[in-house]
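> Just so it is clear, I am handing over coords-v4.txt, which has compact mmCIF, C-alpha atoms and all ligand atoms.
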```
# COMPACT_ATOMS: atom_id res chain seq x y z
CA MET C 24 -82.86 -103.41 -14.89
CA SER C 25 -80.66 -105.60 -17.02
CA LYS C 26 -77.86 -107.77 -15.76
CA ALA C 27 -74.31 -106.52 -15.78
CA ALA C 28 -73.15 -108.91 -18.48
CA TYR C 29 -74.56 -111.20 -21.14
CA HIS C 30 -73.29 -114.14 -23.06
CA THR C 31 -73.83 -112.68 -26.53
CA GLU C 32 -75.17 -115.31 -28.90
CA ILE C 33 -74.91 -115.01 -32.69
CA LEU C 34 -77.57 -116.81 -34.74
CA LYS C 35 -77.23 -117.13 -38.50
CA VAL C 36 -80.37 -116.42 -40.49
CA ASP C 37 -80.95 -116.78 -44.23
CA PRO C 38 -82.54 -113.67 -45.80
CA ALA C 39 -83.25 -115.60 -49.03
CA SER C 40 -85.59 -117.95 -47.15
CA ILE C 41 -87.90 -115.07 -46.14
CA ALA C 42 -90.67 -113.80 -48.42
CA PHE C 43 -93.41 -111.21 -48.08
CA THR C 44 -96.44 -111.50 -50.35
CA GLY C 45 -98.15 -108.19 -49.79
CA ASP C 46 -97.95 -107.94 -46.02
CA SER C 47 -98.03 -111.68 -45.32
CA LEU C 48 -94.83 -113.48 -44.33
CA SER C 49 -93.44 -116.92 -45.16
CA ILE C 50 -90.12 -118.42 -44.02
CA SER C 51 -88.93 -121.59 -45.76
CA ASP C 52 -85.82 -122.34 -43.68
CA PRO C 53 -86.85 -123.82 -40.29
CA GLN C 54 -83.73 -122.63 -38.49
CA THR C 55 -84.21 -119.07 -39.72
CA GLU C 56 -87.82 -119.22 -38.57
CA THR C 57 -86.87 -120.49 -35.09
CA SER C 58 -84.19 -117.84 -34.66
CA LEU C 59 -86.45 -115.03 -35.84
CA LYS C 60 -89.22 -116.16 -33.48
CA ARG C 61 -86.79 -116.21 -30.57
CA ALA C 62 -85.61 -112.71 -31.37
CA ALA C 63 -89.20 -111.48 -31.81
CA THR C 64 -90.19 -112.94 -28.44
CA ILE C 65 -87.28 -111.13 -26.78
CA ILE C 66 -88.47 -107.86 -28.28
CA SER C 67 -92.21 -108.26 -27.68
CA SER C 68 -92.13 -110.01 -24.29
CA SER C 69 -89.04 -108.77 -22.46
CA SER C 70 -87.14 -105.54 -22.11
CA GLU C 71 -84.00 -106.95 -23.71
CA VAL C 72 -82.62 -105.86 -27.06
CA VAL C 73 -81.51 -107.69 -30.21
CA ALA C 74 -79.12 -106.71 -33.00
CA PHE C 75 -80.34 -107.47 -36.52
CA PRO C 76 -79.36 -106.74 -40.13
CA THR C 77 -81.08 -104.06 -42.18
CA GLU C 78 -80.25 -102.98 -45.73
CA THR C 79 -78.55 -99.81 -44.41
CA VAL C 80 -76.49 -100.98 -41.38
CA TYR C 81 -77.08 -103.40 -38.47
CA GLY C 82 -79.63 -102.10 -35.96
CA LEU C 83 -79.99 -102.58 -32.21
CA GLY C 84 -83.70 -103.12 -31.64
CA GLY C 85 -86.12 -102.94 -28.74
CA ASN C 86 -89.83 -102.36 -28.23
CA ALA C 87 -90.48 -98.68 -28.99
CA PHE C 88 -93.52 -98.76 -26.67
CA ASP C 89 -91.50 -99.93 -23.66
CA ASP C 90 -89.36 -97.57 -21.58
CA ASP C 91 -87.11 -100.33 -20.23
CA SER C 92 -86.35 -101.73 -23.70
CA VAL C 93 -85.45 -98.32 -25.01
CA ARG C 94 -83.35 -97.61 -21.93
CA ASN C 95 -81.46 -100.83 -22.63
CA ILE C 96 -80.70 -99.68 -26.18
CA TYR C 97 -79.19 -96.41 -24.99
CA ARG C 98 -77.28 -98.22 -22.27
CA ALA C 99 -75.77 -100.94 -24.50
CA LYS C 100 -74.58 -98.35 -27.01
CA ASN C 101 -73.68 -95.71 -24.46
CA ARG C 102 -75.74 -93.33 -26.57
CA PRO C 103 -76.63 -89.82 -25.28
CA ALA C 104 -80.28 -89.88 -24.18
CA ASP C 105 -81.22 -86.76 -26.15
CA ASN C 106 -80.47 -88.38 -29.53
CA PRO C 107 -83.80 -89.99 -30.54
CA LEU C 108 -84.25 -93.38 -32.21
CA ILE C 109 -85.94 -94.39 -35.43
CA SER C 110 -89.03 -96.61 -35.02
CA HIS C 111 -89.18 -99.40 -37.60
CA ILE C 112 -92.39 -100.86 -39.02
CA SER C 113 -93.07 -103.76 -41.41
CA SER C 114 -96.02 -102.43 -43.42
CA VAL C 115 -97.46 -99.03 -44.33
CA SER C 116 -100.67 -99.89 -42.48
CA GLN C 117 -98.71 -99.90 -39.22
CA VAL C 118 -98.41 -96.10 -39.45
CA LYS C 119 -102.07 -95.98 -38.42
CA GLN C 120 -101.90 -99.07 -36.20
CA PHE C 121 -98.90 -97.98 -34.12
CA PHE C 122 -98.87 -94.19 -34.31
CA GLY C 123 -102.59 -93.50 -34.65
CA ILE C 124 -102.42 -91.23 -37.70
CA ASP C 125 -102.93 -91.41 -41.44
CA LEU C 126 -99.77 -91.04 -43.50
CA PRO C 127 -99.49 -87.27 -44.19
CA LYS C 128 -100.13 -86.58 -47.90
CA ILE C 129 -96.73 -84.97 -48.43
CA TYR C 130 -95.01 -88.32 -47.85
CA GLU C 131 -97.17 -90.33 -50.25
CA PRO C 132 -94.93 -90.04 -53.35
CA LEU C 133 -91.79 -90.75 -51.29
CA VAL C 134 -93.29 -93.76 -49.52
CA GLU C 135 -94.59 -95.04 -52.83
CA SER C 136 -91.08 -94.95 -54.34
CA PHE C 137 -88.77 -95.67 -51.42
CA TRP C 138 -90.61 -97.91 -48.93
CA PRO C 139 -89.61 -100.52 -48.07
CA GLY C 140 -86.15 -98.93 -48.09
CA PRO C 141 -83.61 -96.51 -46.65
CA LEU C 142 -85.94 -93.53 -46.07
CA THR C 143 -87.04 -92.27 -42.64
CA ILE C 144 -89.94 -89.82 -42.27
CA LEU C 145 -90.96 -87.68 -39.30
CA LEU C 146 -94.54 -88.01 -38.08
CA PRO C 147 -96.32 -85.92 -35.45
CA ILE C 148 -96.90 -87.64 -32.10
CA THR C 149 -100.53 -87.86 -31.00
CA THR C 150 -101.50 -86.98 -27.41
CA ASP C 151 -102.55 -90.59 -26.71
CA SER C 152 -99.42 -92.09 -28.28
CA LYS C 153 -98.17 -95.36 -26.76
CA LEU C 154 -94.57 -94.61 -27.74
CA SER C 155 -91.99 -94.50 -24.99
CA LYS C 156 -90.90 -90.89 -24.57
CA LEU C 157 -87.34 -92.20 -24.45
CA THR C 158 -87.68 -93.34 -28.08
CA THR C 159 -88.29 -89.81 -29.25
CA ALA C 160 -86.08 -88.11 -26.64
CA GLY C 161 -88.72 -85.50 -25.92
CA GLN C 162 -89.17 -84.42 -29.57
CA ASP C 163 -92.76 -83.76 -30.69
CA THR C 164 -92.19 -86.03 -33.68
CA VAL C 165 -91.35 -89.68 -34.22
CA ALA C 166 -88.94 -90.86 -36.93
CA VAL C 167 -90.37 -93.89 -38.80
CA ARG C 168 -88.89 -96.28 -41.37
CA LEU C 169 -90.06 -99.40 -43.21
CA PRO C 170 -86.85 -101.32 -43.99
CA SER C 171 -86.53 -103.62 -47.01
CA HIS C 172 -84.16 -106.20 -45.50
CA PRO C 173 -86.18 -109.42 -45.18
CA VAL C 174 -84.73 -110.21 -41.74
CA ALA C 175 -85.54 -106.76 -40.37
CA ARG C 176 -89.02 -106.78 -41.85
CA ALA C 177 -89.79 -110.30 -40.62
CA LEU C 178 -88.54 -109.46 -37.12
CA ILE C 179 -90.83 -106.42 -36.91
CA HIS C 180 -93.76 -108.38 -38.34
CA LEU C 181 -93.33 -111.20 -35.78
CA SER C 182 -92.76 -108.80 -32.88
CA ASN C 183 -95.90 -106.86 -33.81
CA VAL C 184 -94.59 -103.69 -32.16
CA PRO C 185 -92.60 -100.82 -33.64
CA ILE C 186 -88.91 -101.61 -33.18
CA ALA C 187 -86.85 -98.66 -31.97
CA ALA C 188 -83.40 -99.17 -33.43
CA PRO C 189 -80.31 -97.04 -33.83
CA SER C 190 -77.22 -98.46 -35.49
CA ALA C 191 -75.81 -101.37 -33.46
CA ASN C 192 -72.39 -99.85 -32.79
CA ALA C 193 -70.97 -98.42 -29.59
CA SER C 194 -71.75 -94.69 -29.67
CA THR C 195 -69.16 -92.63 -31.66
CA ARG C 196 -67.84 -95.73 -33.55
CA PRO C 197 -68.39 -96.40 -37.26
CA SER C 198 -71.75 -98.06 -37.91
CA PRO C 199 -71.72 -101.87 -38.26
CA THR C 200 -72.27 -103.48 -41.65
CA LEU C 201 -71.47 -107.04 -40.51
CA ALA C 202 -72.55 -109.09 -37.48
CA GLU C 203 -68.89 -109.29 -36.43
CA HIS C 204 -68.76 -105.47 -36.15
CA VAL C 205 -71.70 -105.61 -33.74
CA TYR C 206 -70.01 -108.37 -31.76
CA HIS C 207 -66.81 -106.34 -31.56
CA ASP C 208 -68.62 -103.34 -30.05
CA LEU C 209 -71.42 -104.95 -28.01
CA ASN C 210 -70.14 -108.37 -26.92
CA GLY C 211 -71.34 -108.94 -23.34
CA LYS C 212 -73.78 -106.04 -23.51
CA ILE C 213 -76.67 -107.66 -25.42
CA PRO C 214 -78.08 -111.21 -25.47
CA LEU C 215 -78.46 -111.83 -29.21
CA ILE C 216 -77.21 -110.87 -32.68
CA LEU C 217 -78.99 -112.12 -35.81
CA ASP C 218 -76.37 -112.60 -38.52
CA GLY C 219 -77.86 -112.10 -41.98
CA GLY C 220 -74.66 -111.24 -43.86
CA SER C 221 -73.45 -107.86 -44.98
CA ALA C 222 -75.57 -104.71 -45.23
CA ARG C 223 -76.08 -103.78 -48.87
CA VAL C 224 -76.41 -99.98 -48.70
CA GLY C 225 -73.76 -99.44 -46.02
CA VAL C 226 -74.79 -95.97 -44.82
CA GLU C 227 -77.85 -95.13 -42.72
CA SER C 228 -81.25 -94.05 -43.97
CA THR C 229 -82.09 -90.60 -45.29
CA VAL C 230 -84.14 -88.68 -42.70
CA VAL C 231 -86.72 -86.20 -44.05
CA ASP C 232 -89.09 -83.84 -42.28
CA GLY C 233 -92.18 -83.11 -44.39
CA ILE C 234 -94.08 -81.61 -41.47
CA SER C 235 -92.00 -78.43 -41.42
CA ASN C 236 -92.44 -75.81 -44.08
CA PRO C 237 -90.34 -75.92 -46.22
CA PRO C 238 -89.60 -79.63 -45.91
CA MET C 239 -86.12 -80.54 -44.72
CA LEU C 240 -83.58 -83.22 -45.41
CA LEU C 241 -82.24 -83.78 -41.90
CA ARG C 242 -79.72 -86.48 -42.69
CA PRO C 243 -78.49 -87.61 -46.12
CA GLY C 244 -78.46 -91.39 -46.52
CA GLY C 245 -79.37 -94.32 -48.73
CA VAL C 246 -81.93 -92.33 -50.76
CA SER C 247 -80.32 -89.33 -52.47
CA LEU C 248 -81.47 -85.71 -52.45
CA GLU C 249 -81.75 -85.93 -56.25
CA GLN C 250 -84.06 -88.95 -55.96
CA ILE C 251 -86.27 -87.16 -53.44
CA LYS C 252 -86.57 -84.11 -55.67
CA SER C 253 -87.23 -86.18 -58.75
CA VAL C 254 -90.13 -88.24 -57.38
CA GLY C 255 -91.40 -85.95 -54.61
CA GLY C 256 -93.31 -83.55 -56.86
CA ASP C 257 -93.87 -79.85 -56.10
CA ALA C 258 -93.84 -80.22 -52.33
CA TRP C 259 -90.24 -81.49 -52.30
CA LYS C 260 -88.65 -79.45 -55.05
CA ASP C 261 -87.36 -76.80 -52.61
CA VAL C 262 -86.42 -79.25 -49.84
CA ARG C 263 -83.77 -77.70 -47.58
CA VAL C 264 -80.69 -79.56 -46.51
CA ALA C 265 -79.98 -79.23 -42.77
CA LYS C 266 -76.49 -78.14 -41.92
CA ARG C 267 -74.13 -80.88 -40.95
CA VAL C 268 -73.01 -80.06 -37.41
CA ALA C 269 -74.61 -78.10 -34.62
CA ASP C 270 -72.95 -76.12 -31.85
CA ALA C 271 -72.95 -77.64 -28.37
CA ASN C 272 -75.87 -75.61 -26.98
CA GLU C 273 -77.87 -75.21 -30.14
CA PRO C 274 -81.33 -76.83 -30.19
CA VAL C 275 -81.36 -78.87 -33.38
CA LYS C 276 -83.97 -80.44 -35.59
CA THR C 277 -82.09 -83.71 -35.78
CA PRO C 278 -80.15 -84.20 -32.56
CA GLY C 279 -77.67 -86.61 -34.14
CA MET C 280 -76.03 -83.55 -35.69
CA LYS C 281 -74.27 -82.49 -32.55
CA TYR C 282 -72.39 -85.67 -31.67
CA LYS C 283 -69.03 -87.11 -32.55
CA HIS C 284 -69.77 -89.88 -34.97
CA TYR C 285 -68.50 -92.68 -37.16
CA SER C 286 -64.96 -92.48 -35.75
CA PRO C 287 -62.41 -95.25 -35.78
CA THR C 288 -59.58 -95.08 -33.24
CA ALA C 289 -57.16 -93.99 -35.95
CA ARG C 290 -57.05 -90.34 -36.92
CA VAL C 291 -58.99 -89.78 -40.14
CA ILE C 292 -57.80 -87.17 -42.64
CA LEU C 293 -60.12 -86.37 -45.51
CA VAL C 294 -58.22 -85.61 -48.71
CA GLU C 295 -59.41 -83.68 -51.73
CA LYS C 296 -56.15 -83.65 -53.74
CA GLU C 297 -53.66 -86.50 -53.89
CA GLU C 298 -50.75 -84.10 -54.23
CA ALA C 299 -51.74 -82.14 -51.11
CA MET C 300 -51.73 -85.41 -49.20
CA LEU C 301 -48.24 -86.32 -50.40
CA ASN C 302 -47.03 -82.84 -49.35
CA TYR C 303 -48.68 -83.28 -45.96
CA ILE C 304 -46.93 -86.61 -45.44
CA ALA C 305 -43.60 -85.12 -46.51
CA SER C 306 -43.93 -82.17 -44.15
CA HIS C 307 -45.21 -84.05 -41.07
CA ASP C 308 -43.04 -86.63 -39.43
CA LEU C 309 -45.14 -89.77 -39.79
CA SER C 310 -42.17 -92.13 -40.06
CA ARG C 311 -43.00 -93.92 -36.80
CA ASP C 312 -46.73 -94.08 -37.61
CA LYS C 313 -48.62 -96.73 -39.50
CA ILE C 314 -50.53 -94.98 -42.26
CA ALA C 315 -53.19 -96.05 -44.75
CA LEU C 316 -54.96 -94.58 -47.75
CA LEU C 317 -58.55 -95.45 -48.71
CA THR C 318 -59.16 -94.49 -52.33
CA THR C 319 -62.45 -93.89 -54.12
CA GLN C 320 -62.76 -92.59 -57.65
CA SER C 321 -59.44 -91.22 -58.86
CA PHE C 322 -56.39 -91.42 -56.55
CA THR C 323 -53.69 -93.79 -57.80
CA GLY C 324 -51.98 -94.33 -54.46
CA SER C 325 -48.82 -95.12 -56.39
CA GLN C 326 -46.57 -92.84 -54.32
CA PHE C 327 -48.27 -93.46 -50.96
CA PRO C 328 -45.81 -94.77 -48.35
CA GLY C 329 -48.24 -97.12 -46.54
CA ILE C 330 -51.24 -99.41 -46.96
CA VAL C 331 -53.42 -98.56 -49.98
CA GLU C 332 -56.92 -99.94 -50.30
CA SER C 333 -59.78 -99.12 -52.66
CA MET C 334 -63.28 -98.62 -51.24
CA GLY C 335 -64.69 -99.09 -54.75
CA SER C 336 -65.11 -96.78 -57.69
CA SER C 337 -68.87 -96.24 -57.87
CA LYS C 338 -70.49 -94.27 -55.06
CA GLU C 339 -72.69 -97.29 -54.29
CA GLU C 340 -69.59 -99.39 -53.65
CA VAL C 341 -67.97 -96.67 -51.59
CA SER C 342 -71.11 -96.37 -49.41
CA ARG C 343 -71.20 -100.12 -48.93
CA ASN C 344 -67.52 -100.40 -47.94
CA LEU C 345 -66.92 -97.15 -46.08
CA PHE C 346 -67.57 -98.18 -42.47
CA LYS C 347 -66.04 -101.62 -42.96
CA CYS C 348 -62.82 -100.10 -44.36
CA LEU C 349 -62.55 -97.69 -41.40
CA ARG C 350 -63.02 -100.58 -38.96
CA ASP C 351 -60.55 -102.81 -40.84
CA MET C 352 -57.86 -100.15 -40.47
CA ASP C 353 -58.41 -100.10 -36.70
CA GLU C 354 -58.00 -103.88 -36.67
CA ARG C 355 -54.69 -103.40 -38.48
CA ARG C 356 -53.65 -100.83 -35.85
CA VAL C 357 -53.25 -97.99 -38.31
CA ASP C 358 -52.55 -94.55 -36.75
CA TYR C 359 -53.61 -92.32 -39.67
CA ILE C 360 -56.23 -93.07 -42.29
CA PHE C 361 -56.18 -90.78 -45.32
CA VAL C 362 -59.47 -90.99 -47.23
CA GLU C 363 -60.12 -89.75 -50.75
CA ALA C 364 -63.13 -87.39 -50.87
CA VAL C 365 -65.95 -87.78 -53.42
CA ASP C 366 -68.13 -85.08 -54.97
CA GLU C 367 -71.37 -84.41 -53.09
CA THR C 368 -73.85 -85.36 -55.78
CA ASP C 369 -76.09 -88.44 -55.54
CA GLN C 370 -74.76 -90.92 -52.93
CA GLY C 371 -71.79 -88.59 -52.49
CA LEU C 372 -73.74 -86.33 -50.10
CA ALA C 373 -74.25 -89.17 -47.60
CA ILE C 374 -70.67 -90.44 -48.01
CA MET C 375 -69.19 -86.99 -47.39
CA ASN C 376 -71.53 -86.37 -44.44
CA ARG C 377 -70.11 -89.47 -42.72
CA LEU C 378 -66.52 -88.74 -43.73
CA LYS C 379 -66.60 -85.13 -42.54
CA LYS C 380 -67.85 -86.28 -39.16
CA ALA C 381 -65.26 -89.04 -38.93
CA ALA C 382 -62.37 -86.80 -39.99
CA SER C 383 -60.37 -84.55 -37.71
CA GLU C 384 -59.12 -82.48 -40.64
CA THR C 385 -59.54 -81.97 -44.36
CA ILE C 386 -56.63 -81.26 -46.71
P1 LIG V 401 -79.27 -93.59 -35.88
O1 LIG V 401 -80.29 -94.21 -35.02
O2 LIG V 401 -77.89 -93.69 -35.33
O3 LIG V 401 -79.40 -94.00 -37.32
O4 LIG V 401 -79.66 -92.05 -35.88
C1 LIG V 401 -80.99 -91.66 -36.11
C2 LIG V 401 -81.02 -90.26 -36.64
O5 LIG V 401 -82.36 -89.82 -36.76
C3 LIG V 401 -80.31 -89.29 -35.72
O6 LIG V 401 -79.60 -88.34 -36.48
C4 LIG V 401 -81.47 -88.66 -34.96
O7 LIG V 401 -81.12 -87.41 -34.46
C5 LIG V 401 -82.55 -88.61 -36.04
N1 LIG V 401 -83.91 -88.60 -35.47
C6 LIG V 401 -84.54 -89.61 -34.85
N2 LIG V 401 -85.75 -89.22 -34.40
C7 LIG V 401 -85.89 -87.93 -34.73
C8 LIG V 401 -86.92 -86.94 -34.53
N3 LIG V 401 -88.04 -87.23 -33.89
N4 LIG V 401 -86.70 -85.71 -35.00
C9 LIG V 401 -85.58 -85.41 -35.65
N5 LIG V 401 -84.56 -86.28 -35.87
C10 LIG V 401 -84.72 -87.53 -35.42
MG MG V 402 -75.87 -94.40 -35.46
```
What would the structure in this file look like if it were written as structure tokens?

Amino acid sequence: MSKAAYHTEILKVDPASIAFTGDSLSISDPQTETSLKRAATIISSSSEVVAFPTETVYGLGGNAFDDDSVRNIYRAKNRPADNPLISHISSVSQVKQFFGIDLPKIYEPLVESFWPGPLTILLPITTDSKLSKLTTAGQDTVAVRLPSHPVARALIHLSNVPIAAPSANASTRPSPTLAEHVYHDLNGKIPLILDGGSARVGVESTVVDGISNPPMLLRPGGVSLEQIKSVGGDAWKDVRVAKRVADANEPVKTPGMKYKHYSPTARVILVEKEEAMLNYIASHDLSRDKIALLTTQSFTGSQFPGIVESMGSSKEEVSRNLFKCLRDMDERRVDYIFVEAVDETDQGLAIMNRLKKAASETI
């Protein structure tokens, strides 16, 4: 059992000082090396958990083989125990080493193109698997990812165990893209945060299931549906996209679908047309409320009676800034956040997946 409270330490690490040549690791900055080794020792030799940067969002990591570690992840986040975690590895050869199977052929073209990177694949669990059943929440598959962020990859390499890691936010909150977001949500609940700067991609990994027939895209993320179809070959050309939300009692392929997600305290309203938003504001009495507009590709915001901020104009920028902008508006005590929708092509599918879950209505 873990203690009731921790002093949460934040250690700065320098991603640029970390290099992999093939699968071998070198770290040129001594302080980064010391901090990474400390974090790796926590993961491999205790049941405590550590927050660390990845290229998608910050993760909250523990030893995927150890029940107590995984229990501590769920507890720190207050995450429902039936929503399984992704296990992170630092080289393709660890698929065999940790999960006891060869990489299924169907994933070869995807792994070739997108690993290390924001793609998660489902693998079957063997009968003699060492994985904690809490990691997979009773599913007969394990979700596996090889991240590209040097800090994440080095931490896994040094720990020499698969690192089970969901996003390092309190459950239901927007995912963290900065160490300070993690601190805001988990201060006192975990011993250590590695601060490696801001997450580049900004939304979570794409989760694909190539074991089912036809293959499924379970969660859109940093790798787009178009990219999967274009490099995946015949096996992936008819990949099915899982629906976005599940009903309360429905058994689902990807349990994350059924939970409230990505929500700031403010009410989020997703907006397709700028004019409809202005009509909404005129017809609702929001005069005592603090309101904000987050724009993407085309709204001007010129007639908006509140804070106006751009999340960027390319979909890459919008992905990167999305969660941070939602959190910033909470810090500014905004009551309503209007957010400009994007079209659902390319990175737009992942952006809209997050926004639809965060929003209480769409106008
Ligand atoms: P997060 O850890 O917050 O990025 O969420 C991980 C996502 O992967 C959630 O939507 C999970 O439901 C999904 N996931 C993890 N493991 C599995 C699995 N074995 N089968 C299906 N979906 C999974
Ligand atoms: Mg999450």
> Neighbours of ligand LIG 401 (chain V) at 9 Å or closer, counting all atoms listed in the file: which residues, as a VMD selection string?
chain C and resid 80 82 to 83 105 to 110 143 to 147 158 to 167 187 to 192 194 198 227 to 232 241 to 242 275 to 281 284
> Need the axis-aligned box for segment 358-367 of chain C with 3 Å each side, so what are the centre and edges in Å to one decimal, as AutoDock Vina command-line options?

```
--center_x -62.0 --center_y -89.5 --center_z -45.9 --size_x 24.8 --size_y 16.1 --size_z 24.2
```
> Here is a test: counting all atoms listed in the file, which residue of C:Asp89, C:Thr55, C:Ile129, C:Thr150 is nearest to Val262 of chain C?
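Closest residue, counting all atoms listed in the file: C:Ile129.
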> Which of these residues is nearest to Val341 of chain C, using all atoms listed in the file: C:Asp37, C:Asp208, C:Glu363, C:Asp312?
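Of the candidates, the smallest distance to Val341 of chain C is held by C:Glu363.
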> Rank nothing, just name the residue among C:Ala258, C:Val205, C:Ile186, C:Val365 nearest to Leu317 of chain C, using only C-alpha atoms.
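Closest residue, counting only C-alpha atoms: C:Val365.
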> In Å, how far is it from atom CA of Thr323 of chain C to atom CA of Ile304 of chain C?
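Separating atom CA of Thr323 of chain C from atom CA of Ile304 of chain C is a distance of 15.8 Å.
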> Which residue is closest to ligand MG 402 (chain V)? Choose from C:Leu248, C:Ala289, C:Ile112, C:Val226 and count only C-alpha atoms and all ligand atoms.
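With only C-alpha atoms and all ligand atoms as the atom set, the closest residue is C:Val226.
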> Which distance in Å separates atom CA of Pro238 of chain C and atom CA of Gly255 of chain C, to one decimal?
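Separation between atom CA of Pro238 of chain C and atom CA of Gly255 of chain C: 10.9 Å.
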> For atom CA of Val357 of chain C and atom CA of Lys313 of chain C, quote the distance in Å rounded to one decimal.
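According to the coordinates, atom CA of Val357 of chain C and atom CA of Lys313 of chain C are separated by 4.9 Å.
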> Hey, which of C:Ala373, C:Val73, C:Ala177, C:Leu142 ends up closest to Ser114 of chain C? Count all atoms listed in the file.
C:Ala177
> Which residue out of C:Ile96, C:Val134, C:Leu349, C:Ile124 has the minimum interatomic distance to Pro287 of chain C when only C-alpha atoms are used?
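Closest residue, counting only C-alpha atoms: C:Leu349.
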> Using all atoms listed in the file, which residues sit within 9 Å of Asn376 of chain C once same-chain residues fewer than 6 positions away are excluded, as a PyMOL selection string?
chain C and resi 242-244+267+367
> Which polymer residues have any atom within 8 Å of an atom of Ser286 of chain C, counting all atoms listed in the file, with same-chain residues fewer than 4 positions away left out, as JSON, numbers by chain?
{"C": [195, 196, 197, 291, 380, 381, 382]}
> I want to know what sits within 10 Å of Glu297 of chain C, based on all atoms listed in the file, with residues of the same chain fewer than 5 positions away left out; could you give that as a VMD selection string?
chain C and resid 302 to 303 318 321 to 324 326 to 327 361 to 364 386
> I'd like the contact shell of Arg343 of chain C - 12 Å cut-off, all atoms listed in the file, skipping same-chain residues fewer than 4 positions apart - returned as JSON, numbers by chain.
{"C": [78, 79, 80, 198, 199, 200, 201, 221, 222, 223, 224, 225, 226, 227, 244, 245, 319, 334, 335, 336, 337, 338, 339, 347, 348, 349, 370, 373, 374]}
